[in-house]
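**Student:** Hey, dropping structure.cif in here, mmCIF, C-alpha atoms:
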data_my_file
loop_
_atom_site.group_PDB
_atom_site.id
_atom_site.type_symbol
_atom_site.label_atom_id
_atom_site.label_comp_id
_atom_site.auth_asym_id
_atom_site.auth_seq_id
_atom_site.Cartn_x
_atom_site.Cartn_y
_atom_site.Cartn_z
ATOM 1 C CA MET O 1 17.727 -38.229 35.400
ATOM 2 C CA THR O 2 18.970 -39.861 38.579
ATOM 3 C CA ASP O 3 21.146 -42.962 38.545
ATOM 4 C CA ASP O 4 18.300 -44.951 40.095
ATOM 5 C CA GLU O 5 15.880 -43.919 37.347
ATOM 6 C CA VAL O 6 18.293 -44.914 34.603
ATOM 7 C CA LEU O 7 19.273 -48.137 36.387
ATOM 8 C CA HIS O 8 15.682 -49.309 36.768
ATOM 9 C CA ALA O 9 14.674 -48.297 33.244
ATOM 10 C CA TYR O 10 17.536 -50.187 31.610
ATOM 11 C CA GLY O 11 17.463 -53.065 34.061
ATOM 12 C CA ALA O 12 13.868 -53.792 33.124
ATOM 13 C CA ARG O 13 14.737 -53.932 29.419
ATOM 14 C CA ALA O 14 18.329 -55.178 29.466
ATOM 15 C CA ALA O 15 17.592 -58.436 27.632
ATOM 16 C CA GLU O 16 15.608 -56.620 24.946
ATOM 17 C CA TYR O 17 18.345 -54.011 24.539
ATOM 18 C CA GLU O 18 21.023 -56.674 24.213
ATOM 19 C CA SER O 19 19.062 -58.624 21.609
ATOM 20 C CA LEU O 20 18.677 -55.514 19.432
ATOM 21 C CA LEU O 21 21.906 -53.583 20.074
ATOM 22 C CA GLY O 22 24.258 -55.921 21.888
ATOM 23 C CA SER O 23 26.616 -56.759 19.051
ATOM 24 C CA VAL O 24 29.053 -54.701 16.986
ATOM 25 C CA LYS O 25 27.490 -56.230 13.864
ATOM 26 C CA ASP O 26 24.242 -54.497 14.853
ATOM 27 C CA MET O 27 25.995 -51.114 14.871
ATOM 28 C CA ALA O 28 26.435 -48.756 11.947
ATOM 29 C CA GLU O 29 29.558 -49.468 9.925
ATOM 30 C CA LEU O 30 30.536 -45.790 10.150
ATOM 31 C CA ASP O 31 30.434 -46.031 13.947
ATOM 32 C CA ARG O 32 32.725 -49.050 13.884
ATOM 33 C CA ARG O 33 35.190 -47.232 11.663
ATOM 34 C CA ARG O 34 35.056 -44.125 13.852
ATOM 35 C CA ILE O 35 35.801 -46.057 17.033
ATOM 36 C CA GLU O 36 38.479 -48.117 15.303
ATOM 37 C CA ARG O 37 40.277 -44.954 14.117
ATOM 38 C CA TRP O 38 40.097 -43.479 17.610
ATOM 39 C CA ALA O 39 41.556 -46.657 19.087
ATOM 40 C CA GLY O 40 44.442 -46.450 16.640
ATOM 41 C CA GLY O 41 45.354 -43.029 18.028
ATOM 42 C CA LEU O 42 45.808 -44.441 21.525
ATOM 43 C CA GLY O 43 49.113 -45.987 20.549
ATOM 44 C CA GLY O 44 50.865 -42.656 20.098
ATOM 45 C CA PRO O 45 54.252 -41.791 21.618
ATOM 46 C CA GLY O 46 54.215 -41.347 25.383
ATOM 47 C CA LEU O 47 50.610 -42.511 25.734
ATOM 48 C CA THR O 48 50.398 -45.828 27.563
ATOM 49 C CA GLY O 49 47.951 -47.207 30.071
ATOM 50 C CA PRO O 50 44.482 -48.673 30.324
ATOM 51 C CA VAL O 51 41.369 -47.556 28.473
ATOM 52 C CA LEU O 52 37.847 -47.318 29.921
ATOM 53 C CA ASP O 53 34.582 -48.008 28.114
ATOM 54 C CA ALA O 54 32.382 -45.712 30.209
ATOM 55 C CA GLY O 55 28.788 -46.896 30.076
ATOM 56 C CA CYS O 56 29.676 -50.120 28.297
ATOM 57 C CA GLY O 57 26.180 -51.636 28.296
ATOM 58 C CA PRO O 58 26.384 -55.328 27.360
ATOM 59 C CA GLY O 59 30.075 -54.957 26.538
ATOM 60 C CA HIS O 60 30.228 -55.289 22.760
ATOM 61 C CA TRP O 61 32.382 -52.212 22.138
ATOM 62 C CA THR O 62 34.660 -53.140 25.040
ATOM 63 C CA HIS O 63 35.241 -56.543 23.522
ATOM 64 C CA PHE O 64 35.747 -55.023 20.084
ATOM 65 C CA LEU O 65 38.413 -52.645 21.395
ATOM 66 C CA GLN O 66 40.196 -55.392 23.261
ATOM 67 C CA GLY O 67 40.436 -57.066 19.873
ATOM 68 C CA GLN O 68 42.193 -53.925 18.638
ATOM 69 C CA GLY O 69 44.922 -54.596 21.200
ATOM 70 C CA LEU O 70 43.803 -52.195 23.926
ATOM 71 C CA ASP O 71 44.095 -52.863 27.658
ATOM 72 C CA ILE O 72 40.439 -52.019 28.222
ATOM 73 C CA SER O 73 37.767 -52.525 30.861
ATOM 74 C CA GLY O 74 34.095 -51.628 30.906
ATOM 75 C CA VAL O 75 31.892 -50.028 33.535
ATOM 76 C CA ASP O 76 28.148 -49.604 33.572
ATOM 77 C CA LEU O 77 25.514 -48.596 36.076
ATOM 78 C CA VAL O 78 23.236 -51.531 35.233
ATOM 79 C CA PRO O 79 24.107 -54.868 36.921
ATOM 80 C CA GLU O 80 22.124 -56.813 34.315
ATOM 81 C CA PHE O 81 24.398 -55.466 31.581
ATOM 82 C CA ILE O 82 27.548 -56.286 33.526
ATOM 83 C CA ARG O 83 26.408 -59.847 34.262
ATOM 84 C CA SER O 84 25.704 -60.374 30.576
ATOM 85 C CA ALA O 85 28.999 -58.796 29.488
ATOM 86 C CA ARG O 86 30.986 -61.008 31.848
ATOM 87 C CA ALA O 87 29.221 -64.118 30.575
ATOM 88 C CA ARG O 88 29.642 -63.219 26.897
ATOM 89 C CA PHE O 89 33.195 -61.872 27.111
ATOM 90 C CA PRO O 90 34.870 -63.566 30.108
ATOM 91 C CA GLU O 91 38.333 -62.438 28.979
ATOM 92 C CA VAL O 92 37.382 -58.740 29.421
ATOM 93 C CA ARG O 93 37.142 -56.899 32.765
ATOM 94 C CA PHE O 94 33.753 -55.408 33.660
ATOM 95 C CA ARG O 95 32.337 -53.853 36.820
ATOM 96 C CA VAL O 96 29.319 -51.901 38.032
ATOM 97 C CA ALA O 97 29.986 -48.198 38.576
ATOM 98 C CA SER O 98 28.374 -44.798 38.160
ATOM 99 C CA LEU O 99 30.019 -42.445 35.678
ATOM 100 C CA ARG O 100 29.604 -39.717 38.276
ATOM 101 C CA ALA O 101 32.211 -41.368 40.535
ATOM 102 C CA LEU O 102 34.423 -43.932 38.821
ATOM 103 C CA ASP O 103 36.586 -44.905 41.817
ATOM 104 C CA LEU O 104 39.719 -44.918 39.656
ATOM 105 C CA PRO O 105 43.066 -43.202 40.282
ATOM 106 C CA ASP O 106 43.850 -39.739 38.952
ATOM 107 C CA GLY O 107 45.712 -39.483 35.663
ATOM 108 C CA HIS O 108 45.997 -43.222 35.098
ATOM 109 C CA HIS O 109 44.049 -43.903 31.903
ATOM 110 C CA ALA O 110 45.130 -43.363 28.319
ATOM 111 C CA GLY O 111 41.606 -43.233 26.914
ATOM 112 C CA VAL O 112 37.899 -43.087 27.685
ATOM 113 C CA LEU O 113 35.148 -44.125 25.288
ATOM 114 C CA ALA O 114 31.713 -42.658 26.081
ATOM 115 C CA TRP O 115 29.659 -43.906 23.164
ATOM 116 C CA TYR O 116 26.076 -42.681 23.661
ATOM 117 C CA SER O 117 26.469 -43.291 27.387
ATOM 118 C CA LEU O 118 26.007 -39.613 28.341
ATOM 119 C CA ILE O 119 22.633 -39.065 26.711
ATOM 120 C CA HIS O 120 20.568 -39.466 29.886
ATOM 121 C CA PHE O 121 22.417 -36.837 31.919
ATOM 122 C CA ALA O 122 20.435 -33.629 32.288
ATOM 123 C CA PRO O 123 22.191 -30.347 31.379
ATOM 124 C CA THR O 124 23.311 -29.606 34.948
ATOM 125 C CA GLN O 125 24.532 -33.190 35.456
ATOM 126 C CA LEU O 126 26.768 -33.596 32.419
ATOM 127 C CA PRO O 127 29.676 -31.185 33.138
ATOM 128 C CA PRO O 128 30.721 -32.990 36.366
ATOM 129 C CA VAL O 129 30.817 -36.295 34.475
ATOM 130 C CA LEU O 130 33.130 -34.817 31.840
ATOM 131 C CA THR O 131 35.309 -33.475 34.657
ATOM 132 C CA GLU O 132 35.424 -36.978 36.142
ATOM 133 C CA PHE O 133 36.648 -38.327 32.801
ATOM 134 C CA ARG O 134 39.369 -35.664 32.732
ATOM 135 C CA ARG O 135 40.375 -36.592 36.288
ATOM 136 C CA ILE O 136 41.177 -40.199 35.405
ATOM 137 C CA LEU O 137 42.935 -39.394 32.121
ATOM 138 C CA GLN O 138 46.630 -38.789 31.691
ATOM 139 C CA PRO O 139 47.672 -35.488 30.121
ATOM 140 C CA GLN O 140 47.206 -36.034 26.373
ATOM 141 C CA GLY O 141 44.807 -38.905 27.106
ATOM 142 C CA ARG O 142 42.059 -39.358 24.527
ATOM 143 C CA LEU O 143 38.278 -39.157 24.882
ATOM 144 C CA LEU O 144 35.654 -40.103 22.305
ATOM 145 C CA VAL O 145 32.051 -39.041 22.920
ATOM 146 C CA GLY O 146 29.073 -40.116 20.800
ATOM 147 C CA PHE O 147 25.717 -38.352 21.208
ATOM 148 C CA PHE O 148 22.525 -37.224 19.486
ATOM 149 C CA GLU O 149 22.871 -33.839 17.830
ATOM 150 C CA GLY O 150 20.178 -31.222 18.313
ATOM 151 C CA GLU O 151 19.199 -28.247 20.410
ATOM 152 C CA SER O 152 21.351 -28.365 23.534
ATOM 153 C CA GLY O 153 19.631 -29.778 26.594
ATOM 154 C CA GLU O 154 16.371 -30.502 24.815
ATOM 155 C CA PRO O 155 14.840 -33.717 26.208
ATOM 156 C CA PHE O 156 13.311 -36.361 23.970
ATOM 157 C CA ASP O 157 11.528 -39.667 24.447
ATOM 158 C CA HIS O 158 14.283 -42.221 24.060
ATOM 159 C CA ALA O 159 13.138 -45.834 23.688
ATOM 160 C CA VAL O 160 14.211 -46.613 27.282
ATOM 161 C CA THR O 161 14.003 -43.357 29.245
ATOM 162 C CA THR O 162 14.358 -39.596 28.813
ATOM 163 C CA ALA O 163 17.459 -38.498 26.926
ATOM 164 C CA TYR O 164 18.881 -35.158 25.793
ATOM 165 C CA TYR O 165 20.178 -33.626 22.591
ATOM 166 C CA TRP O 166 23.384 -31.600 22.436
ATOM 167 C CA SER O 167 24.728 -29.315 19.763
ATOM 168 C CA VAL O 168 28.304 -29.849 18.628
ATOM 169 C CA ASP O 169 29.172 -26.323 19.744
ATOM 170 C CA GLU O 170 27.785 -26.783 23.260
ATOM 171 C CA MET O 171 29.324 -30.220 23.764
ATOM 172 C CA SER O 172 32.654 -28.841 22.558
ATOM 173 C CA ALA O 173 32.381 -25.941 24.997
ATOM 174 C CA MET O 174 31.649 -28.276 27.908
ATOM 175 C CA LEU O 175 34.628 -30.415 26.972
ATOM 176 C CA ARG O 176 36.902 -27.380 26.912
ATOM 177 C CA ASP O 177 35.583 -26.263 30.293
ATOM 178 C CA ALA O 178 36.308 -29.742 31.678
ATOM 179 C CA GLY O 179 39.950 -29.600 30.567
ATOM 180 C CA PHE O 180 39.895 -30.990 27.031
ATOM 181 C CA GLU O 181 40.948 -29.762 23.630
ATOM 182 C CA VAL O 182 38.665 -30.844 20.787
ATOM 183 C CA LEU O 183 40.546 -32.717 18.067
ATOM 184 C CA ASP O 184 37.842 -33.430 15.525
ATOM 185 C CA VAL O 185 34.100 -33.657 15.018
ATOM 186 C CA GLU O 186 31.984 -35.927 12.855
ATOM 187 C CA THR O 187 28.246 -35.673 12.245
ATOM 188 C CA ARG O 188 25.882 -38.030 10.460
ATOM 189 C CA HIS O 189 22.256 -37.753 9.384
ATOM 190 C CA ASP O 190 20.768 -41.157 8.594
ATOM 191 C CA PRO O 191 17.281 -41.417 7.061
ATOM 192 C CA ARG O 192 14.526 -41.758 9.671
ATOM 193 C CA ARG O 193 17.004 -41.577 12.539
ATOM 194 C CA ARG O 194 18.074 -38.877 14.948
ATOM 195 C CA PRO O 195 21.167 -36.918 13.910
ATOM 196 C CA HIS O 196 24.404 -38.334 15.325
ATOM 197 C CA ALA O 197 27.607 -36.604 16.361
ATOM 198 C CA ALA O 198 30.973 -37.724 17.679
ATOM 199 C CA ILE O 199 33.735 -35.607 19.176
ATOM 200 C CA ALA O 200 37.297 -36.745 19.815
ATOM 201 C CA ALA O 201 39.174 -34.721 22.411
ATOM 202 C CA ILE O 202 42.516 -34.744 24.168
ATOM 203 C CA ALA O 203 43.122 -34.010 27.860
ATOM 204 C CA ARG O 204 45.054 -30.782 28.290
ATOM 205 C CA SER O 205 48.052 -30.810 30.576
ATOM 206 C CA GLU O 206 46.337 -28.240 32.784
ATOM 207 C CA LYS O 207 42.945 -29.310 34.094
ATOM 208 C CA THR O 208 41.383 -25.878 33.966
ATOM 209 C CA LYS O 209 41.922 -22.751 31.930
#
Can you dump the structure from the file as C-alpha coordinates?
**Tutor:**
Amino acid sequence: MTDDEVLHAYGARAAEYESLLGSVKDMAELDRRRIERWAGGLGGPGLTGPVLDAGCGPGHWTHFLQGQGLDISGVDLVPEFIRSARARFPEVRFRVASLRALDLPDGHHAGVLAWYSLIHFAPTQLPPVLTEFRRILQPQGRLLVGFFEGESGEPFDHAVTTAYYWSVDEMSAMLRDAGFEVLDVETRHDPRRRPHAAIAAIARSEKTK
(Lines of atoms letter the chains of each structure in order from A and count residues from 1; the text may use other names and numbers.)
(Lines give C-alpha, C1' and ligand atoms only; values in the text may rest on other atoms or scores of the structure.)
Protein backbone atom coordinates (compact mmCIF):
# COMPACT_ATOMS: atom_id res chain seq x y z
CA MET A 1 0.00 0.00 0.00
CA THR A 2 1.20 3.51 -0.76
CA ASP A 3 0.87 6.34 1.74
CA ASP A 4 -1.66 8.03 -0.55
CA GLU A 5 -3.86 4.93 -0.66
CA VAL A 6 -3.87 4.58 3.11
CA LEU A 7 -4.37 8.32 3.63
CA HIS A 8 -7.41 8.49 1.36
CA ALA A 9 -8.95 5.28 2.71
CA TYR A 10 -8.73 6.40 6.34
CA GLY A 11 -9.48 10.03 5.60
CA ALA A 12 -12.80 9.05 4.06
CA ARG A 13 -13.78 7.07 7.17
CA ALA A 14 -11.99 8.95 9.94
CA ALA A 15 -15.18 10.02 11.75
CA GLU A 16 -16.58 6.49 11.62
CA TYR A 17 -13.29 5.03 12.86
CA GLU A 18 -13.13 7.49 15.74
CA SER A 19 -16.71 6.79 16.81
CA LEU A 20 -16.02 3.04 16.99
CA LEU A 21 -12.37 2.86 18.08
CA GLY A 22 -11.37 6.33 19.21
CA SER A 23 -11.38 5.79 22.95
CA VAL A 24 -9.30 3.62 25.28
CA LYS A 25 -12.56 2.40 26.83
CA ASP A 26 -13.40 0.89 23.43
CA MET A 27 -10.17 -1.14 23.47
CA ALA A 28 -9.66 -4.58 24.95
CA GLU A 29 -8.73 -4.50 28.62
CA LEU A 30 -5.78 -6.82 27.91
CA ASP A 31 -4.45 -4.30 25.38
CA ARG A 32 -4.66 -1.52 27.95
CA ARG A 33 -2.77 -3.60 30.48
CA ARG A 34 -0.14 -4.56 27.90
CA ILE A 35 0.53 -0.96 26.91
CA GLU A 36 0.48 0.18 30.53
CA ARG A 37 3.12 -2.42 31.48
CA TRP A 38 5.28 -1.38 28.54
CA ALA A 39 5.02 2.26 29.57
CA GLY A 40 6.17 1.34 33.07
CA GLY A 41 9.39 -0.08 31.62
CA LEU A 42 10.29 3.26 30.05
CA GLY A 43 11.29 4.65 33.42
CA GLY A 44 14.29 2.37 33.79
CA PRO A 45 17.78 3.57 34.75
CA GLY A 46 19.55 5.58 32.07
CA LEU A 47 16.49 5.71 29.81
CA THR A 48 15.12 9.24 29.54
CA GLY A 49 13.62 11.18 26.68
CA PRO A 50 10.44 11.52 24.68
CA VAL A 51 8.17 8.73 23.47
CA LEU A 52 6.45 8.54 20.08
CA ASP A 53 3.03 7.07 19.33
CA ALA A 54 3.70 6.11 15.71
CA GLY A 55 0.44 5.96 13.79
CA CYS A 56 -1.57 7.46 16.63
CA GLY A 57 -4.90 7.66 14.80
CA PRO A 58 -7.32 9.85 16.77
CA GLY A 59 -4.86 10.03 19.66
CA HIS A 60 -6.48 7.96 22.40
CA TRP A 61 -3.42 5.87 23.24
CA THR A 62 -1.20 8.95 23.12
CA HIS A 63 -3.42 10.67 25.65
CA PHE A 64 -3.56 7.54 27.78
CA LEU A 65 0.24 7.30 27.90
CA GLN A 66 0.62 10.95 28.75
CA GLY A 67 -1.58 10.14 31.72
CA GLN A 68 1.00 7.51 32.69
CA GLY A 69 3.55 10.31 33.02
CA LEU A 70 5.29 9.95 29.66
CA ASP A 71 6.61 12.84 27.58
CA ILE A 72 4.79 11.62 24.49
CA SER A 73 3.70 12.94 21.11
CA GLY A 74 1.69 11.35 18.33
CA VAL A 75 2.16 11.23 14.58
CA ASP A 76 -0.19 9.97 11.92
CA LEU A 77 -0.41 10.10 8.15
CA VAL A 78 -4.08 11.14 8.16
CA PRO A 79 -4.75 14.88 8.71
CA GLU A 80 -8.34 14.17 9.77
CA PHE A 81 -7.07 12.07 12.67
CA ILE A 82 -4.57 14.71 13.74
CA ARG A 83 -7.17 17.49 13.66
CA SER A 84 -9.46 15.40 15.83
CA ALA A 85 -6.68 14.42 18.24
CA ARG A 86 -5.64 18.04 18.71
CA ALA A 87 -9.22 19.08 19.41
CA ARG A 88 -9.89 16.23 21.85
CA PHE A 89 -6.53 16.30 23.64
CA PRO A 90 -5.14 19.85 23.31
CA GLU A 91 -2.52 19.22 26.00
CA VAL A 92 -0.82 16.52 23.86
CA ARG A 93 1.46 17.19 20.85
CA PHE A 94 0.33 15.76 17.50
CA ARG A 95 1.55 16.22 13.94
CA VAL A 96 1.09 14.74 10.47
CA ALA A 97 3.96 12.53 9.34
CA SER A 98 4.67 9.34 7.42
CA LEU A 99 6.20 6.49 9.40
CA ARG A 100 8.58 5.99 6.49
CA ALA A 101 10.34 9.29 7.26
CA LEU A 102 9.67 10.69 10.73
CA ASP A 103 11.82 13.84 10.49
CA LEU A 104 13.12 13.32 14.03
CA PRO A 105 16.73 13.32 15.28
CA ASP A 106 18.78 10.14 15.55
CA GLY A 107 18.89 8.39 18.91
CA HIS A 108 16.65 10.87 20.71
CA HIS A 109 13.59 8.87 21.77
CA ALA A 110 13.21 6.52 24.71
CA GLY A 111 10.26 4.63 23.25
CA VAL A 112 8.07 4.04 20.21
CA LEU A 113 4.57 2.59 20.32
CA ALA A 114 3.36 1.11 17.02
CA TRP A 115 0.00 -0.33 18.01
CA TYR A 116 -1.57 -1.86 14.88
CA SER A 117 -0.14 1.02 12.85
CA LEU A 118 2.09 -1.22 10.70
CA ILE A 119 -0.60 -3.52 9.36
CA HIS A 120 -0.99 -1.78 5.99
CA PHE A 121 2.68 -1.97 5.00
CA ALA A 122 3.34 -4.62 2.37
CA PRO A 123 6.13 -7.15 3.07
CA THR A 124 8.80 -5.18 1.19
CA GLN A 125 7.74 -1.91 2.85
CA LEU A 126 7.83 -2.92 6.50
CA PRO A 127 11.58 -3.49 7.17
CA PRO A 128 12.55 0.13 6.30
CA VAL A 129 9.90 1.41 8.72
CA LEU A 130 11.31 -0.72 11.54
CA THR A 131 14.77 0.62 10.66
CA GLU A 132 13.39 4.16 10.90
CA PHE A 133 12.09 3.39 14.39
CA ARG A 134 15.53 2.09 15.38
CA ARG A 135 17.13 5.25 13.98
CA ILE A 136 15.20 7.57 16.29
CA LEU A 137 15.57 5.39 19.39
CA GLN A 138 18.33 5.64 21.95
CA PRO A 139 20.36 2.50 22.61
CA GLN A 140 18.19 0.45 24.98
CA GLY A 141 15.12 2.39 23.83
CA ARG A 142 11.89 0.40 23.87
CA LEU A 143 9.52 -0.51 21.05
CA LEU A 144 6.08 -2.10 21.33
CA VAL A 145 4.45 -3.44 18.17
CA GLY A 146 0.87 -4.75 17.95
CA PHE A 147 -0.26 -6.67 14.86
CA PHE A 148 -2.52 -9.41 13.51
CA GLU A 149 -0.96 -12.85 13.73
CA GLY A 150 -1.09 -15.18 10.75
CA GLU A 151 0.83 -16.32 7.72
CA SER A 152 3.53 -13.72 7.11
CA GLY A 153 2.74 -11.22 4.38
CA GLU A 154 -0.68 -12.65 3.63
CA PRO A 155 -3.08 -9.81 2.73
CA PHE A 156 -6.62 -9.65 4.08
CA ASP A 157 -9.62 -7.38 3.66
CA HIS A 158 -9.36 -5.02 6.59
CA ALA A 159 -12.45 -2.89 7.27
CA VAL A 160 -10.70 0.20 5.84
CA THR A 161 -8.12 -1.03 3.31
CA THR A 162 -5.83 -3.98 2.60
CA ALA A 163 -3.79 -5.15 5.57
CA TYR A 164 -1.28 -7.95 6.18
CA TYR A 165 -0.78 -10.74 8.68
CA TRP A 166 2.59 -11.49 10.26
CA SER A 167 3.79 -14.49 12.19
CA VAL A 168 5.51 -13.87 15.51
CA ASP A 169 8.65 -15.55 14.19
CA GLU A 170 8.84 -13.38 11.06
CA MET A 171 8.09 -10.13 12.88
CA SER A 172 10.74 -11.03 15.46
CA ALA A 173 13.25 -11.72 12.69
CA MET A 174 12.54 -8.37 11.02
CA LEU A 175 12.98 -6.60 14.34
CA ARG A 176 16.33 -8.29 14.90
CA ASP A 177 17.45 -7.35 11.39
CA ALA A 178 16.46 -3.73 12.10
CA GLY A 179 18.63 -3.58 15.22
CA PHE A 180 16.34 -4.77 18.00
CA GLU A 181 16.42 -7.52 20.58
CA VAL A 182 13.03 -9.09 21.31
CA LEU A 183 12.13 -8.91 25.00
CA ASP A 184 8.79 -10.68 25.13
CA VAL A 185 5.84 -11.80 23.04
CA GLU A 186 2.15 -12.03 23.82
CA THR A 187 -0.56 -13.57 21.65
CA ARG A 188 -4.32 -13.56 22.04
CA HIS A 189 -7.13 -15.38 20.25
CA ASP A 190 -10.49 -13.75 20.91
CA PRO A 191 -13.70 -15.43 19.69
CA ARG A 192 -14.77 -14.27 16.22
CA ARG A 193 -11.76 -11.97 15.90
CA ARG A 194 -8.45 -12.18 14.11
CA PRO A 195 -5.55 -13.46 16.23
CA HIS A 196 -3.56 -10.69 17.91
CA ALA A 197 0.12 -10.49 18.78
CA ALA A 198 2.34 -7.96 20.52
CA ILE A 199 6.13 -7.87 20.66
CA ALA A 200 8.20 -5.70 22.99
CA ALA A 201 11.76 -5.09 21.84
CA ILE A 202 14.79 -3.10 22.90
CA ALA A 203 17.14 -1.18 20.60
CA ARG A 204 20.57 -2.79 20.54
CA SER A 205 23.58 -0.56 21.02
CA GLU A 206 24.79 -1.53 17.55
CA LYS A 207 22.33 -0.81 14.77
CA THR A 208 23.21 -3.83 12.68
CA LYS A 209 24.61 -7.26 13.37
**Student:** Find the distance between atom CA of O:Phe156 and atom CA of O:Thr187 and write it in Å to one decimal.
**Tutor:**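 Pair atom CA of O:Phe156 / atom CA of O:Thr187 returns 19.0 Å.
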**Student:** Rank O:Asp3, O:Asp184, O:Glu80, O:Asp26 by their smallest atom-to-atom distance to O:Leu143, using only C-alpha atoms, and report the top residue only.
**Tutor:** O:Asp184
**Student:** Please report the interatomic distance between atom CA of O:Ala28 and atom CA of O:Tyr116 in Å with one decimal.
**Tutor:**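 One can read the atom CA of O:Ala28 to atom CA of O:Tyr116 distance as 13.2 Å.
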**Student:** Mind checking which residues fall within 7 Å of stretch 45-55 of chain O, counting all atoms listed in the file, ignoring those fewer than 2 positions away in the same chain, and posting them as a PyMOL selection string?
**Tutor:** chain O and resi 42-43+57+62+70-76+99+108-114+117+141
**Student:** With a distance cut-off of 6 Å and only C-alpha atoms, select the neighbouring residues of stretch 81-88 of chain O, excluding the residue or stretch itself and same-chain residues fewer than 3 positions from it, and output the selection as a list in words.
**Tutor:**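 My list of contacting residues is Gly57, Pro58, Gly59 and Val78 of chain O.
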**Student:** Can you turn the PyMOL selection byres ((chain O and resi 171) around 12) into a concrete residue list for this file, as a PDB file with C-alpha atoms, in the coordinates of the input?
**Tutor:**
ATOM      1  CA  LEU O 118      26.007 -39.613  28.341  1.00  0.00           C
ATOM      2  CA  ILE O 119      22.633 -39.065  26.711  1.00  0.00           C
ATOM      3  CA  PRO O 123      22.191 -30.347  31.379  1.00  0.00           C
ATOM      4  CA  LEU O 126      26.768 -33.596  32.419  1.00  0.00           C
ATOM      5  CA  PRO O 127      29.676 -31.185  33.138  1.00  0.00           C
ATOM      6  CA  LEU O 130      33.130 -34.817  31.840  1.00  0.00           C
ATOM      7  CA  LEU O 144      35.654 -40.103  22.305  1.00  0.00           C
ATOM      8  CA  VAL O 145      32.051 -39.041  22.920  1.00  0.00           C
ATOM      9  CA  GLY O 146      29.073 -40.116  20.800  1.00  0.00           C
ATOM     10  CA  PHE O 147      25.717 -38.352  21.208  1.00  0.00           C
ATOM     11  CA  PHE O 148      22.525 -37.224  19.486  1.00  0.00           C
ATOM     12  CA  GLU O 149      22.871 -33.839  17.830  1.00  0.00           C
ATOM     13  CA  GLY O 150      20.178 -31.222  18.313  1.00  0.00           C
ATOM     14  CA  GLU O 151      19.199 -28.247  20.410  1.00  0.00           C
ATOM     15  CA  SER O 152      21.351 -28.365  23.534  1.00  0.00           C
ATOM     16  CA  GLY O 153      19.631 -29.778  26.594  1.00  0.00           C
ATOM     17  CA  TYR O 164      18.881 -35.158  25.793  1.00  0.00           C
ATOM     18  CA  TYR O 165      20.178 -33.626  22.591  1.00  0.00           C
ATOM     19  CA  TRP O 166      23.384 -31.600  22.436  1.00  0.00           C
ATOM     20  CA  SER O 167      24.728 -29.315  19.763  1.00  0.00           C
ATOM     21  CA  VAL O 168      28.304 -29.849  18.628  1.00  0.00           C
ATOM     22  CA  ASP O 169      29.172 -26.323  19.744  1.00  0.00           C
ATOM     23  CA  GLU O 170      27.785 -26.783  23.260  1.00  0.00           C
ATOM     24  CA  SER O 172      32.654 -28.841  22.558  1.00  0.00           C
ATOM     25  CA  ALA O 173      32.381 -25.941  24.997  1.00  0.00           C
ATOM     26  CA  MET O 174      31.649 -28.276  27.908  1.00  0.00           C
ATOM     27  CA  LEU O 175      34.628 -30.415  26.972  1.00  0.00           C
ATOM     28  CA  ARG O 176      36.902 -27.380  26.912  1.00  0.00           C
ATOM     29  CA  ASP O 177      35.583 -26.263  30.293  1.00  0.00           C
ATOM     30  CA  ALA O 178      36.308 -29.742  31.678  1.00  0.00           C
ATOM     31  CA  PHE O 180      39.895 -30.990  27.031  1.00  0.00           C
ATOM     32  CA  GLU O 181      40.948 -29.762  23.630  1.00  0.00           C
ATOM     33  CA  VAL O 182      38.665 -30.844  20.787  1.00  0.00           C
ATOM     34  CA  VAL O 185      34.100 -33.657  15.018  1.00  0.00           C
ATOM     35  CA  ALA O 197      27.607 -36.604  16.361  1.00  0.00           C
ATOM     36  CA  ALA O 198      30.973 -37.724  17.679  1.00  0.00           C
ATOM     37  CA  ILE O 199      33.735 -35.607  19.176  1.00  0.00           C
ATOM     38  CA  ALA O 200      37.297 -36.745  19.815  1.00  0.00           C
ATOM     39  CA  ALA O 201      39.174 -34.721  22.411  1.00  0.00           C
TER      40      ALA O 201
END
**Student:** If you measure from atom CA of O:Ala203 to atom CA of O:Trp38, what distance in Å do you get, rounded to one decimal?
**Tutor:** 14.3 Å
**Student:** Compare O:Pro155, O:Arg204, O:Val96, O:Glu36 by their minimum atom-to-atom distance to O:Gln68, counting only C-alpha atoms, and give me the closest one.
**Tutor:**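 Nearest candidate to O:Gln68 out of O:Pro155, O:Arg204, O:Val96, O:Glu36: O:Glu36.
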